[in-house]
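Visitor: What follows is target05.cif, mmCIF, C-alpha atoms.
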data_my_file
#
loop_
_atom_site.label_atom_id
_atom_site.label_comp_id
_atom_site.auth_asym_id
_atom_site.auth_seq_id
_atom_site.Cartn_x
_atom_site.Cartn_y
_atom_site.Cartn_z
CA MET W 11 10.24 -57.65 35.43
CA LYS W 12 9.04 -59.31 38.61
CA ILE W 13 12.59 -59.52 39.92
CA LYS W 14 13.11 -55.79 39.20
CA ASN W 15 9.96 -54.89 41.12
CA ILE W 16 11.06 -56.95 44.12
CA VAL W 17 14.44 -55.18 44.13
CA LYS W 18 12.76 -51.76 44.01
CA GLU W 19 10.53 -52.66 46.96
CA LEU W 20 13.50 -53.83 49.02
CA VAL W 21 15.38 -50.59 48.32
CA LEU W 22 12.33 -48.54 49.29
CA VAL W 23 11.84 -50.44 52.57
CA THR W 24 15.53 -50.08 53.43
CA PHE W 25 15.37 -46.31 52.83
CA VAL W 26 12.26 -45.91 55.00
CA VAL W 27 13.77 -47.94 57.85
CA PHE W 28 17.03 -45.95 57.68
CA ALA W 29 15.32 -42.57 57.44
CA PHE W 30 13.13 -43.13 60.47
CA SER W 31 15.64 -45.01 62.69
CA CYS W 32 17.36 -43.35 65.70
CA SER W 33 21.10 -43.08 65.96
CA LYS W 34 22.53 -43.52 69.44
CA SER W 35 25.22 -40.95 68.72
CA GLU W 36 22.56 -38.32 68.02
CA ASP W 37 20.47 -38.70 71.17
CA GLU W 38 22.79 -40.08 73.83
CA PRO W 39 26.30 -39.30 75.06
CA SER W 40 28.96 -41.76 74.04
CA SER W 41 30.06 -44.39 76.48
CA GLY W 42 32.91 -42.03 77.49
CA GLY W 43 30.36 -39.63 79.01
CA GLN W 44 31.60 -36.59 77.03
CA VAL W 45 29.20 -33.79 76.19
CA ASP W 46 29.61 -31.72 73.06
CA PRO W 47 30.10 -27.96 73.58
CA GLY W 48 26.71 -26.37 73.92
CA GLY W 49 25.23 -29.55 75.34
CA VAL W 50 23.29 -30.04 78.54
CA GLU W 51 24.71 -28.03 81.45
CA THR W 52 25.16 -30.35 84.41
CA ALA W 53 27.91 -28.77 86.53
CA ILE W 54 29.75 -25.50 87.19
CA THR W 55 33.25 -24.87 88.53
CA ILE W 56 34.62 -21.78 90.27
CA SER W 57 38.31 -20.86 90.09
CA THR W 58 40.74 -18.03 90.84
CA ALA W 59 44.38 -17.24 90.18
CA TYR W 60 45.32 -17.13 93.87
CA ASP W 61 44.72 -19.21 96.96
CA LYS W 62 46.45 -16.57 99.11
CA THR W 63 46.29 -12.78 98.94
CA PHE W 64 46.83 -9.68 101.06
CA LYS W 65 44.18 -8.20 103.29
CA ASP W 66 42.37 -5.36 101.48
CA SER W 67 43.35 -6.80 98.09
CA ALA W 68 40.81 -7.52 95.35
CA VAL W 69 40.65 -10.99 93.81
CA ALA W 70 38.66 -12.03 90.74
CA PHE W 71 36.79 -15.32 90.35
CA TRP W 72 35.61 -17.15 87.23
CA VAL W 73 32.85 -19.71 86.75
CA SER W 74 32.73 -22.22 83.89
CA ASN W 75 30.37 -25.08 83.11
CA ASN W 76 30.96 -28.66 82.02
CA ASN W 77 30.97 -27.48 78.39
CA ASP W 78 33.95 -25.18 79.15
CA ALA W 79 31.74 -22.13 78.65
CA ASP W 80 32.32 -19.02 80.78
CA VAL W 81 29.16 -18.51 82.82
CA THR W 82 30.56 -16.06 85.36
CA SER W 83 28.10 -13.29 84.51
CA GLN W 84 25.17 -15.69 84.89
CA SER W 85 26.32 -17.02 88.27
CA THR W 86 26.10 -15.82 91.84
CA ILE W 87 29.30 -15.98 93.88
CA PHE W 88 29.27 -16.44 97.65
CA VAL W 89 32.05 -15.61 100.12
CA ASN W 90 31.60 -17.19 103.55
CA GLY W 91 27.96 -17.83 102.63
CA THR W 92 27.12 -14.28 101.53
CA ALA W 93 26.47 -13.34 97.90
CA ILE W 94 28.92 -10.66 96.77
CA GLY W 95 27.07 -9.31 93.71
CA SER W 96 30.04 -9.50 91.31
CA ASN W 97 33.01 -11.73 90.54
CA VAL W 98 35.55 -9.52 92.37
CA TYR W 99 35.96 -9.48 96.14
CA THR W 100 38.16 -7.33 98.38
CA PHE W 101 39.15 -9.22 101.51
CA PRO W 102 38.45 -6.98 104.52
CA ALA W 103 40.30 -9.00 107.14
CA THR W 104 42.92 -11.67 107.55
CA GLY W 105 41.85 -15.29 107.72
CA SER W 106 40.48 -18.10 105.59
CA PHE W 107 37.51 -17.47 103.30
CA THR W 108 35.36 -20.08 101.54
CA ILE W 109 34.00 -19.29 98.10
CA TYR W 110 31.47 -21.07 95.88
CA ALA W 111 29.04 -20.17 93.07
CA THR W 112 25.50 -21.04 92.07
CA LYS W 113 23.71 -20.91 88.73
CA GLY W 114 20.08 -21.85 88.90
CA GLU W 115 19.94 -25.16 90.78
CA LEU W 116 23.63 -25.89 90.19
CA GLN W 117 26.23 -25.29 92.90
CA SER W 118 29.95 -25.28 92.21
CA ASN W 119 32.89 -26.70 94.07
CA THR W 120 34.13 -24.76 97.12
CA ILE W 121 37.55 -23.10 97.12
CA THR W 122 39.46 -21.40 99.91
CA VAL W 123 41.41 -18.16 99.81
CA GLU W 124 43.60 -17.05 102.71
CA ALA W 125 44.05 -13.33 103.33
CA ILE W 126 47.30 -12.37 105.07
CA LEU W 127 49.33 -9.32 106.02
CA PRO W 128 52.55 -8.68 104.07
CA THR W 129 55.71 -9.59 105.96
CA HIS W 130 58.15 -7.52 103.88
CA THR W 131 58.86 -3.81 103.73
CA THR W 132 58.53 -2.22 100.31
CA LYS W 133 61.65 -0.35 99.19
CA VAL W 134 62.32 1.76 96.12
CA MET W 135 65.45 2.23 94.04
CA VAL W 136 66.41 5.44 92.24
CA GLU W 137 69.13 5.25 89.60
CA ASP W 138 71.00 8.47 88.86
CA TYR W 139 72.42 8.51 85.33
CA THR W 140 75.34 10.88 85.72
CA GLY W 141 78.88 11.83 84.74
CA THR W 142 81.69 14.02 86.05
CA TRP W 143 81.49 16.03 82.79
CA CYS W 144 77.78 16.85 83.32
CA GLY W 145 77.39 20.37 84.73
CA TYR W 146 73.72 19.87 85.63
CA CYS W 147 74.29 16.57 87.44
CA PRO W 148 74.98 18.02 90.92
CA ARG W 149 71.32 19.11 90.95
CA LEU W 150 69.93 15.57 90.71
CA ALA W 151 72.57 14.18 93.07
CA THR W 152 71.42 16.69 95.70
CA ALA W 153 67.73 15.87 95.14
CA LEU W 154 68.48 12.17 95.55
CA GLU W 155 70.49 12.71 98.71
CA ASN W 156 67.65 14.78 100.18
CA THR W 157 65.14 12.04 99.35
CA VAL W 158 67.27 9.31 100.94
CA ASN W 159 67.70 11.46 104.05
CA LEU W 160 63.91 11.71 104.32
CA ASN W 161 63.33 7.97 103.96
CA ALA W 162 66.01 5.29 104.16
CA ASN W 163 63.79 2.89 102.20
CA VAL W 164 64.75 4.85 99.08
CA ILE W 165 67.93 3.20 97.79
CA PRO W 166 70.26 5.25 95.56
CA VAL W 167 72.46 3.95 92.73
CA ALA W 168 74.70 6.14 90.57
CA ILE W 169 75.14 4.93 86.97
CA HIS W 170 78.22 6.76 85.67
CA ASP W 171 78.90 7.26 82.00
CA ASP W 172 82.28 9.00 82.19
CA ASN W 173 85.97 8.18 82.07
CA GLU W 174 86.54 8.13 85.83
CA MET W 175 83.81 5.77 87.10
CA LEU W 176 82.30 4.19 84.01
CA PHE W 177 79.74 1.50 84.72
CA PRO W 178 80.47 -1.20 82.11
CA TYR W 179 76.78 -1.53 81.20
CA ALA W 180 75.89 2.17 81.13
CA ASN W 181 75.27 2.35 77.37
CA GLN W 182 73.17 -0.80 77.37
CA MET W 183 71.01 0.54 80.18
CA GLU W 184 70.65 3.96 78.59
CA ASN W 185 69.39 2.35 75.38
CA THR W 186 67.07 -0.03 77.21
CA PHE W 187 65.51 2.55 79.52
CA GLY W 188 65.37 5.51 77.17
CA VAL W 189 67.99 7.73 78.78
CA THR W 190 68.80 10.47 76.27
CA GLY W 191 70.17 13.25 78.47
CA PHE W 192 72.03 13.80 81.73
CA PRO W 193 71.17 13.90 84.50
CA THR W 194 68.29 11.44 84.35
CA GLY W 195 66.69 9.76 87.33
CA LYS W 196 64.80 6.48 87.06
CA VAL W 197 62.57 5.16 89.83
CA ASN W 198 62.49 1.38 90.00
CA ARG W 199 64.41 1.30 86.71
CA THR W 200 61.57 2.29 84.36
CA ILE W 201 59.78 5.34 85.82
CA SER W 202 61.12 8.81 85.02
CA TRP W 203 61.88 10.75 88.19
CA ASN W 204 60.71 14.36 88.41
CA GLU W 205 63.34 14.99 91.12
CA SER W 206 60.73 15.55 93.82
CA THR W 207 61.09 13.77 97.14
CA SER W 208 57.41 12.80 97.12
CA GLN W 209 57.42 10.76 93.91
CA PRO W 210 59.72 7.88 94.91
CA ILE W 211 58.45 7.90 98.49
CA SER W 212 54.88 7.46 97.22
CA TYR W 213 55.82 4.07 95.76
CA LEU W 214 56.64 2.80 99.23
CA ASP W 215 52.88 2.48 99.84
CA PHE W 216 52.60 -0.38 97.32
CA ARG W 217 52.70 -3.79 98.99
CA GLN W 218 55.01 -6.27 97.32
CA LYS W 219 54.74 -10.04 97.22
CA MET W 220 58.37 -10.64 98.11
CA GLY W 221 61.31 -9.36 100.11
CA LEU W 222 65.06 -9.87 99.95
CA ALA W 223 67.90 -10.72 102.33
CA ILE W 224 71.64 -10.31 101.69
CA ASN W 225 74.68 -11.92 103.27
CA SER W 226 78.14 -11.28 101.82
CA SER W 227 81.85 -11.58 102.48
CA ILE W 228 85.22 -11.01 100.87
CA ALA W 229 88.20 -13.39 101.03
CA GLY W 230 91.28 -12.26 99.21
CA ASN W 231 90.03 -10.96 95.88
CA THR W 232 86.82 -13.01 95.85
CA ILE W 233 83.51 -11.45 96.81
CA SER W 234 80.70 -13.84 97.74
CA ALA W 235 77.06 -12.90 98.08
CA GLU W 236 74.09 -14.99 99.17
CA VAL W 237 70.83 -13.37 98.15
CA LYS W 238 67.48 -14.75 99.24
CA VAL W 239 64.04 -13.88 97.89
CA HIS W 240 61.03 -14.86 99.98
CA TYR W 241 57.49 -14.87 98.57
CA ASP W 242 54.47 -14.14 100.77
CA ILE W 243 52.04 -15.07 97.99
CA ASP W 244 52.32 -16.65 94.55
CA GLU W 245 53.93 -14.63 91.78
CA ASN W 246 52.69 -16.04 88.49
CA ASN W 247 54.63 -13.65 86.26
CA SER W 248 58.28 -14.02 85.28
CA GLN W 249 60.87 -12.81 87.79
CA ARG W 250 64.56 -11.94 87.49
CA LEU W 251 67.19 -11.16 90.10
CA VAL W 252 69.76 -8.39 89.66
CA VAL W 253 72.64 -7.82 92.11
CA TYR W 254 74.86 -4.71 91.96
CA LEU W 255 78.22 -4.01 93.57
CA LEU W 256 78.54 -0.32 94.56
CA GLU W 257 81.38 1.79 95.95
CA ASN W 258 81.20 4.88 98.15
CA GLY W 259 83.62 7.73 98.80
CA LEU W 260 85.10 8.21 95.34
CA VAL W 261 86.61 11.68 94.91
CA TYR W 262 86.76 13.29 91.46
CA PRO W 263 86.23 16.85 90.18
CA GLN W 264 82.63 17.49 89.12
CA VAL W 265 81.67 20.03 86.45
CA ASN W 266 79.22 22.51 88.01
CA TYR W 267 76.94 24.83 86.02
CA TYR W 268 75.43 26.16 89.26
CA ASN W 269 78.52 27.95 90.44
CA ASN W 270 76.90 31.32 89.73
CA ASP W 271 73.35 30.35 90.76
CA GLY W 272 72.66 31.88 94.14
CA SER W 273 69.69 29.56 94.73
CA SER W 274 71.80 26.41 94.38
CA PRO W 275 73.58 24.60 97.20
CA TRP W 276 76.51 24.42 94.76
CA TYR W 277 76.78 28.21 94.46
CA GLN W 278 80.38 29.42 94.54
CA THR W 279 81.74 25.91 95.09
CA GLY W 280 83.76 26.05 91.91
CA ASN W 281 83.45 24.84 88.36
CA PRO W 282 84.55 22.13 88.44
CA ILE W 283 83.97 21.32 92.09
CA GLN W 284 87.23 19.98 93.45
CA GLY W 285 87.05 17.13 95.96
CA PHE W 286 83.48 16.20 95.00
CA VAL W 287 82.55 12.93 96.76
CA HIS W 288 80.68 10.40 94.62
CA ASP W 289 78.70 7.76 96.56
CA HIS W 290 76.69 4.65 95.63
CA VAL W 291 78.65 4.28 92.38
CA ALA W 292 77.74 1.14 90.43
CA ARG W 293 80.92 -0.84 89.78
CA GLU W 294 79.81 -4.29 88.61
CA VAL W 295 76.97 -6.82 88.63
CA PHE W 296 77.00 -10.36 90.02
CA THR W 297 74.20 -11.29 87.61
CA ASP W 298 73.23 -10.30 84.11
CA VAL W 299 72.55 -6.56 84.23
CA MET W 300 68.97 -7.29 83.10
CA GLY W 301 68.65 -10.09 85.63
CA ASP W 302 69.00 -13.84 86.08
CA VAL W 303 65.74 -15.75 85.79
CA ILE W 304 64.19 -17.01 89.02
CA PRO W 305 62.63 -20.40 88.19
CA SER W 306 58.83 -20.23 88.19
CA GLY W 307 58.64 -23.06 90.70
CA GLN W 308 60.55 -20.88 93.18
CA THR W 309 58.08 -17.98 93.16
CA LYS W 310 55.32 -19.66 95.14
CA SER W 311 53.76 -18.67 98.43
CA GLY W 312 56.03 -19.38 101.39
CA ASN W 313 59.03 -20.30 99.26
CA THR W 314 62.51 -18.81 99.60
CA TYR W 315 64.72 -18.71 96.53
CA THR W 316 68.48 -18.60 97.20
CA ALA W 317 71.18 -17.39 94.80
CA ASN W 318 74.85 -17.93 95.72
CA LEU W 319 76.99 -15.55 93.69
CA THR W 320 80.69 -14.74 93.42
CA MET W 321 82.89 -12.28 91.56
CA ASP W 322 86.50 -11.23 91.49
CA LEU W 323 87.14 -7.87 93.10
CA PRO W 324 86.90 -5.42 90.17
CA SER W 325 90.16 -3.65 89.36
CA SER W 326 88.26 -0.35 89.39
CA VAL W 327 87.49 -0.63 93.12
CA GLN W 328 89.58 1.77 95.22
CA ASP W 329 88.59 0.72 98.75
CA SER W 330 86.98 -2.64 99.49
CA ASP W 331 85.90 -1.33 102.91
CA LYS W 332 83.49 1.06 101.18
CA LEU W 333 81.58 -1.46 99.08
CA GLU W 334 77.88 -2.20 99.29
CA ILE W 335 75.54 -4.64 97.59
CA VAL W 336 72.13 -3.82 96.16
CA ALA W 337 69.86 -6.72 95.15
CA PHE W 338 66.47 -6.39 93.50
CA VAL W 339 63.77 -8.36 91.69
CA VAL W 340 62.31 -7.20 88.39
CA GLY W 341 59.29 -8.41 86.46
CA ALA W 342 58.83 -9.03 82.75
CA ASP W 343 58.43 -5.26 82.23
CA ASN W 344 61.86 -4.61 83.87
CA LYS W 345 60.22 -2.69 86.71
CA ILE W 346 61.68 -3.33 90.15
CA GLN W 347 59.27 -5.04 92.53
CA ASN W 348 61.41 -4.89 95.65
CA VAL W 349 65.00 -4.09 96.57
CA GLN W 350 67.45 -4.55 99.44
CA LYS W 351 70.81 -2.97 100.31
CA ALA W 352 73.65 -4.03 102.61
CA ASN W 353 77.25 -3.10 103.17
CA LEU W 354 79.75 -5.72 102.05
CA GLY W 355 80.22 -8.10 104.97
CA GLU W 356 76.92 -7.10 106.58
CA TYR W 357 74.03 -9.55 107.01
CA LYS W 358 70.78 -7.86 106.07
CA ASP W 359 67.80 -10.02 106.97
CA PHE W 360 64.32 -9.89 105.51
CA ASP W 361 62.45 -6.87 106.75
#
Starting from the file, lay out its structure as structure tokens.
Guide:
Amino acid sequence: MKIKNIVKELVLVTFVVFAFSCSKSEDEPSSGGQVDPGGVETAITISTAYDKTFKDSAVAFWVSNNNDADVTSQSTIFVNGTAIGSNVYTFPATGSFTIYATKGELQSNTITVEAILPTHTTKVMVEDYTGTWCGYCPRLATALENTVNLNANVIPVAIHDDNEMLFPYANQMENTFGVTGFPTGKVNRTISWNESTSQPISYLDFRQKMGLAINSSIAGNTISAEVKVHYDIDENNSQRLVVYLLENGLVYPQVNYYNNDGSSPWYQTGNPIQGFVHDHVAREVFTDVMGDVIPSGQTKSGNTYTANLTMDLPSSVQDSDKLEIVAFVVGADNKIQNVQKANLGEYKDFD
């Protein structure tokens, strides 16, 4: 009995000591210095997606603490020493800007953003889905010609789905871009054109992060093209390069439903119109028609990506002296971001 009582007392003492002892893991950080989420806030960090942007562009900033919690809304952000009142800032001038954040007595790291002017001209491409059998197609062809005459930064491409000038990828493109009737115009591949001159020209006001240059030649039956893409600022989204070969001056009869329409420029020109000249006709592509991927490491600020491409002269080409090359960059949504055009054999620099 005495032994049993001694054992009970030892158990009770052990329980009391354990219950009222402190565990280091409960009160102090481990020797690695890590703090559990929701622990003591000791530091904040400010970050942004870009270290370079265009003048007059808005950039967002985020603030997080040492527990990886987003504390942007609880922080004050400063640009060149002045609090901006939100986490978005529009850079009013070119130059280098310093940015930091505070939260209570905590001050973040300092980051730098450089605001620059774009060095490349924005250009727009309009694709005309057409065919010699399409009696309404002269209308869109005329609207496109008028638009190009108003602004040479609008670049025309004719995608023919007919027997005479069939673009090999016409059906694929029609399915991809929702072309269900002819004629159809697409601005920058994905935007339906209302056939006004103002619509495509309005897109020239958008500043793009990159521009293109083209240099090409022909030797025998081999066409070579060097296409360069230069980035003013980082592009963090996927990019693809597409390069078309076009031909001008193709003459085929064109069905014309406007022959009896006195308001049409094609009035009394015949149905079909004999000797109709088809320009900017897509013949082939150097790349995949949906684009070759530009490696993500090549789309950084100041970098120039170079693609060296070749193709055999297509058997469909009638006159190699009337060829031109159109190169453009598309994003993940297939929309064209910028485009360049040059005659075959012409060097077209960045502009």
Visitor: Restricting the calculation to only C-alpha atoms: of W:Ser311, W:Thr100, W:Ala223, W:Asn119, which residue gets closest to Glu245 of chain W?
Guide: W:Ser311
Visitor: Could you state the separation of atom CA of Pro210 of chain W and atom CA of Asn247 of chain W in Å, given to one decimal place?
Guide: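 About the pair atom CA of Pro210 of chain W and atom CA of Asn247 of chain W: they are 23.8 Å apart.
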Visitor: Counting all atoms listed in the file, figure out which residue out of W:Ile56, W:Val295, W:Val189, W:Ile243 gets nearest to Thr314 of chain W.
Guide: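 Residue with the minimum atom-to-atom distance to Thr314 of chain W: W:Ile243.
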Visitor: Can you spell out as JSON, numbers by chain the set of residues that the PyMOL selection byres ((chain W and resi 109-116) around 6) selects in the structure I just provided?
Guide: {"W": [85, 86, 87, 88, 89, 108, 117, 118, 120, 121]}
Visitor: Residues within 12 Å of Ser227 of chain W, please, as a list in words. Count all atoms listed in the file; anything in the same chain fewer than 5 positions from it doesn't count.
Guide: Thr232, Ile233, Ser234, Ala235, Glu236, Val237, Asn318, Leu319, Thr320, Met321, Asp322, Leu323, Ser330, Asp331, Leu333, Glu334, Ile335, Ala352, Asn353, Leu354, Gly355, Glu356 and Tyr357 of chain W
Visitor: Can you spell out as a list in words the set of residues that the PyMOL selection byres ((chain W and resi 176-184) around 10) selects in the structure I just provided?
Guide: Tyr139, Thr140, Gly141, Ala168, Ile169, His170, Asp171, Asp172, Asn173, Glu174, Met175, Asn185, Thr186, Phe187, Gly188, Val189, Thr190, Gly191, Thr194, Arg199, Val291, Ala292, Arg293, Glu294, Val295, Asp298, Val299, Met300 and Ser326 of chain W
Visitor: For the structure shown, which residues end up in the PyMOL selection byres ((chain W and resi 256-263) around 7)? Put them as an mmCIF file with C-alpha atoms, in the coordinates of the input, please?
Guide:
data_model
loop_
_atom_site.group_PDB
_atom_site.id
_atom_site.type_symbol
_atom_site.label_atom_id
_atom_site.label_comp_id
_atom_site.auth_asym_id
_atom_site.auth_seq_id
_atom_site.Cartn_x
_atom_site.Cartn_y
_atom_site.Cartn_z
ATOM 1 C CA THR W 142 81.690 14.020 86.050
ATOM 2 C CA TYR W 254 74.860 -4.710 91.960
ATOM 3 C CA LEU W 255 78.220 -4.010 93.570
ATOM 4 C CA GLN W 264 82.630 17.490 89.120
ATOM 5 C CA VAL W 265 81.670 20.030 86.450
ATOM 6 C CA PRO W 282 84.550 22.130 88.440
ATOM 7 C CA ILE W 283 83.970 21.320 92.090
ATOM 8 C CA GLN W 284 87.230 19.980 93.450
ATOM 9 C CA GLY W 285 87.050 17.130 95.960
ATOM 10 C CA PHE W 286 83.480 16.200 95.000
ATOM 11 C CA VAL W 287 82.550 12.930 96.760
ATOM 12 C CA HIS W 288 80.680 10.400 94.620
ATOM 13 C CA ASP W 289 78.700 7.760 96.560
ATOM 14 C CA HIS W 290 76.690 4.650 95.630
ATOM 15 C CA VAL W 291 78.650 4.280 92.380
ATOM 16 C CA ALA W 292 77.740 1.140 90.430
ATOM 17 C CA ARG W 293 80.920 -0.840 89.780
ATOM 18 C CA LYS W 332 83.490 1.060 101.180
ATOM 19 C CA LEU W 333 81.580 -1.460 99.080
ATOM 20 C CA GLU W 334 77.880 -2.200 99.290
ATOM 21 C CA ILE W 335 75.540 -4.640 97.590
#
Visitor: Excluding Asn97 of chain W and any residue of its chain fewer than 6 positions from it, enumerate the residues within 8 Å of it, using all atoms listed in the file, and give them as a list of chain:residue names.
Guide: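 My reading of the contact set: W:Ala70, W:Phe71, W:Trp72, W:Thr82, W:Ser83, W:Ile87.
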Visitor: In Å, rounded to a single decimal, give me how far atom CA of Lys133 of chain W is from atom CA of Ser274 of chain W.
Guide: 29.0 Å
Visitor: Return the single residue from W:Ile54, W:Cys147, W:Met135, W:Leu160 that is closest to Ser202 of chain W, with distances computed using all atoms listed in the file.
Guide: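 Going through W:Ile54, W:Cys147, W:Met135, W:Leu160 one by one, the smallest distance to Ser202 of chain W is for W:Met135.
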Visitor: In Å, rounded to a single decimal, give me how far atom CA of Ala59 of chain W is from atom CA of Ala79 of chain W.
Guide: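 Interatomic distance here is 17.8 Å.
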